[in-house]
Every structure is written in C-alpha cells, then in structure tokens.
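Q: So that you have it, the file is run-v8.pdb, and it contains PDB, C-alpha atoms:
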```
ATOM      1  CA  MET G 293      14.693  -5.611  24.544
ATOM      2  CA  ALA G 294      17.276  -8.311  24.293
ATOM      3  CA  GLY G 295      16.965 -10.546  21.268
ATOM      4  CA  SER G 296      14.650  -8.150  19.461
ATOM      5  CA  SER G 297      16.432  -6.510  16.559
ATOM      6  CA  LYS G 298      13.215  -5.715  14.689
ATOM      7  CA  LYS G 299      12.133  -2.096  14.903
ATOM      8  CA  PRO G 300       8.650  -1.771  16.423
ATOM      9  CA  GLU G 301       5.969  -0.907  13.924
ATOM     10  CA  LYS G 302       4.393   2.521  14.219
ATOM     11  CA  MET G 303       0.691   2.741  14.952
ATOM     12  CA  TYR G 304       0.137   5.515  12.409
ATOM     13  CA  TYR G 305       1.971   6.984   9.428
ATOM     14  CA  THR G 306       1.411  10.357   7.782
ATOM     15  CA  ILE G 307       0.644  10.622   4.084
ATOM     16  CA  GLY G 308       4.096  12.163   3.598
ATOM     17  CA  GLU G 309       5.771   9.155   5.214
ATOM     18  CA  VAL G 310       3.718   6.782   3.060
ATOM     19  CA  ALA G 311       4.590   8.689  -0.114
ATOM     20  CA  ARG G 312       8.305   8.660   0.741
ATOM     21  CA  MET G 313       8.287   4.924   1.505
ATOM     22  CA  PHE G 314       6.876   4.163  -1.938
ATOM     23  CA  ASP G 315       8.650   7.013  -3.752
ATOM     24  CA  VAL G 316       5.405   8.505  -5.074
ATOM     25  CA  ASN G 317       3.635  11.838  -4.683
ATOM     26  CA  THR G 318       1.101  12.374  -1.912
ATOM     27  CA  SER G 319      -1.434  13.245  -4.622
ATOM     28  CA  LEU G 320      -1.138   9.692  -5.985
ATOM     29  CA  ILE G 321      -1.841   8.238  -2.545
ATOM     30  CA  ARG G 322      -4.933  10.480  -2.216
ATOM     31  CA  PHE G 323      -6.036   9.419  -5.702
ATOM     32  CA  TRP G 324      -5.677   5.743  -4.793
ATOM     33  CA  GLU G 325      -7.848   6.375  -1.733
ATOM     34  CA  LYS G 326     -10.668   7.408  -4.077
ATOM     35  CA  GLU G 327     -10.088   4.491  -6.434
ATOM     36  CA  PHE G 328      -9.638   1.627  -3.953
ATOM     37  CA  PRO G 329     -12.239   1.164  -1.210
ATOM     38  CA  GLU G 330      -9.725  -1.016   0.672
ATOM     39  CA  LEU G 331      -7.589   2.064   1.306
ATOM     40  CA  ARG G 332      -9.410   4.250   3.815
ATOM     41  CA  PRO G 333      -7.055   5.830   6.352
ATOM     42  CA  LYS G 334      -8.400   7.291   9.555
ATOM     43  CA  LYS G 335      -8.548  11.065   9.754
ATOM     44  CA  ASN G 336      -8.191  13.125  12.890
ATOM     45  CA  GLU G 337     -10.475  16.029  13.781
ATOM     46  CA  ARG G 338      -8.474  18.320  11.457
ATOM     47  CA  GLY G 339      -8.758  15.895   8.553
ATOM     48  CA  VAL G 340      -5.120  14.768   8.710
ATOM     49  CA  ARG G 341      -4.773  11.230   7.384
ATOM     50  CA  LYS G 342      -3.414   8.577   9.744
ATOM     51  CA  TYR G 343      -2.372   5.383   7.982
ATOM     52  CA  THR G 344      -2.436   2.191  10.019
ATOM     53  CA  PRO G 345      -0.203  -0.831   9.298
ATOM     54  CA  GLU G 346      -3.258  -2.364   7.574
ATOM     55  CA  ASN G 347      -3.531   0.727   5.346
ATOM     56  CA  MET G 348       0.173   0.393   4.580
ATOM     57  CA  GLU G 349      -0.403  -3.195   3.458
ATOM     58  CA  ALA G 350      -3.176  -1.992   1.117
ATOM     59  CA  VAL G 351      -0.857   0.666  -0.345
ATOM     60  CA  ARG G 352       1.858  -1.961  -0.816
ATOM     61  CA  ARG G 353      -0.523  -4.264  -2.711
ATOM     62  CA  ILE G 354      -1.895  -1.435  -4.856
ATOM     63  CA  TYR G 355       1.631  -0.210  -5.605
ATOM     64  CA  HIS G 356       2.675  -3.719  -6.608
ATOM     65  CA  LEU G 357      -0.263  -4.165  -8.985
ATOM     66  CA  VAL G 358      -0.139  -0.724 -10.579
ATOM     67  CA  LYS G 359       3.544   0.215 -10.552
ATOM     68  CA  GLU G 360       5.367  -3.122 -10.595
ATOM     69  CA  ARG G 361       2.996  -5.331 -12.578
ATOM     70  CA  GLY G 362       1.554  -2.605 -14.821
ATOM     71  CA  PHE G 363      -2.131  -3.167 -14.138
ATOM     72  CA  THR G 364      -4.594  -0.441 -15.090
ATOM     73  CA  LEU G 365      -6.509   0.992 -12.144
ATOM     74  CA  LYS G 366      -9.614  -0.905 -13.233
ATOM     75  CA  GLY G 367      -7.630  -4.134 -13.579
ATOM     76  CA  ALA G 368      -5.893  -3.621 -10.243
ATOM     77  CA  ARG G 369      -9.207  -2.960  -8.478
ATOM     78  CA  GLN G 370     -10.662  -6.140  -9.954
ATOM     79  CA  LYS G 371      -7.604  -8.251  -9.107
ATOM     80  CA  TYR G 372      -7.510  -6.881  -5.543
ATOM     81  CA  LYS G 373     -11.229  -7.490  -5.090
ATOM     82  CA  ASP G 374     -11.347 -10.968  -6.670
ATOM     83  CA  ASN G 375      -8.249 -12.523  -5.134
ATOM     84  CA  PRO G 376      -6.265 -10.395  -2.686
ATOM     85  CA  THR G 377      -4.251 -13.353  -1.390
ATOM     86  CA  ASP G 378      -2.981 -14.089  -4.905
ATOM     87  CA  VAL G 379      -1.764 -10.483  -5.082
ATOM     88  CA  VAL G 380       0.432 -11.037  -2.042
ATOM     89  CA  GLN G 381       1.783 -14.417  -3.142
ATOM     90  CA  THR G 382       2.669 -13.089  -6.595
ATOM     91  CA  GLU G 383       4.316 -10.037  -5.075
ATOM     92  CA  ASP G 384       6.461 -12.221  -2.831
ATOM     93  CA  VAL G 385       7.652 -14.238  -5.833
ATOM     94  CA  VAL G 386       8.475 -11.069  -7.798
ATOM     95  CA  ARG G 387      10.425  -9.624  -4.865
ATOM     96  CA  ARG G 388      12.435 -12.848  -4.469
ATOM     97  CA  LEU G 389      13.256 -12.906  -8.173
ATOM     98  CA  LEU G 390      14.395  -9.297  -8.080
ATOM     99  CA  LYS G 391      16.775 -10.125  -5.230
ATOM    100  CA  ILE G 392      18.336 -12.929  -7.291
ATOM    101  CA  LYS G 393      19.217 -10.612 -10.208
TER     102      LYS G 393
END
```
Let me see the file written as structure tokens.
A:
Amino acid sequence: MAGSSKKPEKMYYTIGEVARMFDVNTSLIRFWEKEFPELRPKKNERGVRKYTPENMEAVRRIYHLVKERGFTLKGARQKYKDNPTDVVQTEDVVRRLLKIK
C-alpha cells in the first residue's frame, strides 16, 4: 500500500471500543442509543452491538453537543434533528480553535 499512510477504517466497532474512544462509560453509550434515534447500531444474533462508521459519526456528533457544547439531551436531540450539518460545521470550528490554544 504505497502512498497510503491512513489506517483503514474498521467495518464494526464494539461498544467497549466506542466507549474508550470517547472516554465515557458503555452505559452512557447505551443510554444515548435510547435517546437518539440516529444512533442504532446493528446487533448480532447474540445481541452484541456492532457500531458502523456511520454510528461512530453519530456518537461523535452527540458527544460534541452534550459533552463539549453542554447541550441538554432534549436540546441536543432537537439540534441534531433540525440541522445536523450545522452540528458538524460548528464542531470543526471548535476543534480548530482548541488546536490553536
């Protein structure tokens, strides 16, 4: 793979991996699944959650709204539902500003 320094994205992540990436408890991720219809991971026949890259993007947006911007769950749900693209653009600006500090 010459010229490709980017690590290939996994097809699925476990709830433990997701929790570690965002430094939260698995119980919070399960709670967010109930609160945000956008976050619905696949489950295998044993009920084990399998998070896709799209699910990871939803977790990232929810995390940004709730943990970084301080939205209530109700406010975050409304913001996500009304204007999800604004969520991403705002998050990008916040991340750039944090890098400058």
Q: Using all atoms listed in the file, which of G:Tyr372, G:Tyr304, G:Phe314, G:Phe328 sits nearest Leu357 of chain G?
A: G:Tyr372
Q: Nearest residue to Glu349 of chain G out of G:Glu337, G:Phe363, G:Asp374, G:Glu330, using all atoms listed in the file?
A: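 So, comparing all the options, the nearest one is G:Glu330.
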Q: Any idea what's packed within 10 Å of Arg332 of chain G, counting only C-alpha atoms, ignoring anything in its chain fewer than 6 positions away? Could you give it as a list in words?
A: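 Using only C-alpha atoms, the neighbours found are Arg322, Trp324, Glu325, Lys326, Arg341, Lys342, Tyr343, Thr344, Glu346, Asn347 and Ala350 of chain G.
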Q: Can you work out which one of G:Val316, G:Asn336, G:Lys366, G:Lys302 has the shortest atom-to-atom distance to Val351 of chain G, counting all atoms listed in the file?
A: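 Closest residue, counting all atoms listed in the file: G:Val316.
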Q: List the spatial neighbours of Val358 of chain G as a list of chain:residue names - criterion: any atom at most 12 Å away, all atoms listed in the file, same-chain residues fewer than 4 positions off excluded.
A: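 After dropping sequence-adjacent residues, the list is G:Leu320, G:Trp324, G:Glu327, G:Phe328, G:Val351, G:Arg352, G:Arg353, G:Ile354, G:Gly362, G:Phe363, G:Thr364, G:Leu365, G:Lys366, G:Gly367, G:Ala368, G:Arg369, G:Gln370, G:Lys371, G:Tyr372, G:Val379, G:Glu383.
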Q: Work out how far apart atom CA of Pro333 of chain G and atom CA of Met348 of chain G are and give it in Å to one decimal.
A: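 So the answer is 9.2 Å.
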Q: So, with all atoms listed in the file as the atoms that count, which of G:Lys334, G:Asp315, G:Pro329, G:Ile321 lies closest to Lys373 of chain G?
A: G:Pro329
Q: Atom CA of Gly308 of chain G and atom CA of His356 of chain G are how many Å apart?
A: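 Rounded to one decimal, the two atoms are 18.9 Å apart.
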Q: May I ask for the distance between atom CA of Ala311 of chain G and atom CA of Tyr355 of chain G, given in Å to one decimal place?
A: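 Rounded to one decimal, the two atoms are 10.9 Å apart.
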Q: Just checking: using all atoms listed in the file, which residue out of G:Val340, G:Asn375, G:Glu360, G:Leu331 ends up closest to Ile307 of chain G?
A: G:Val340
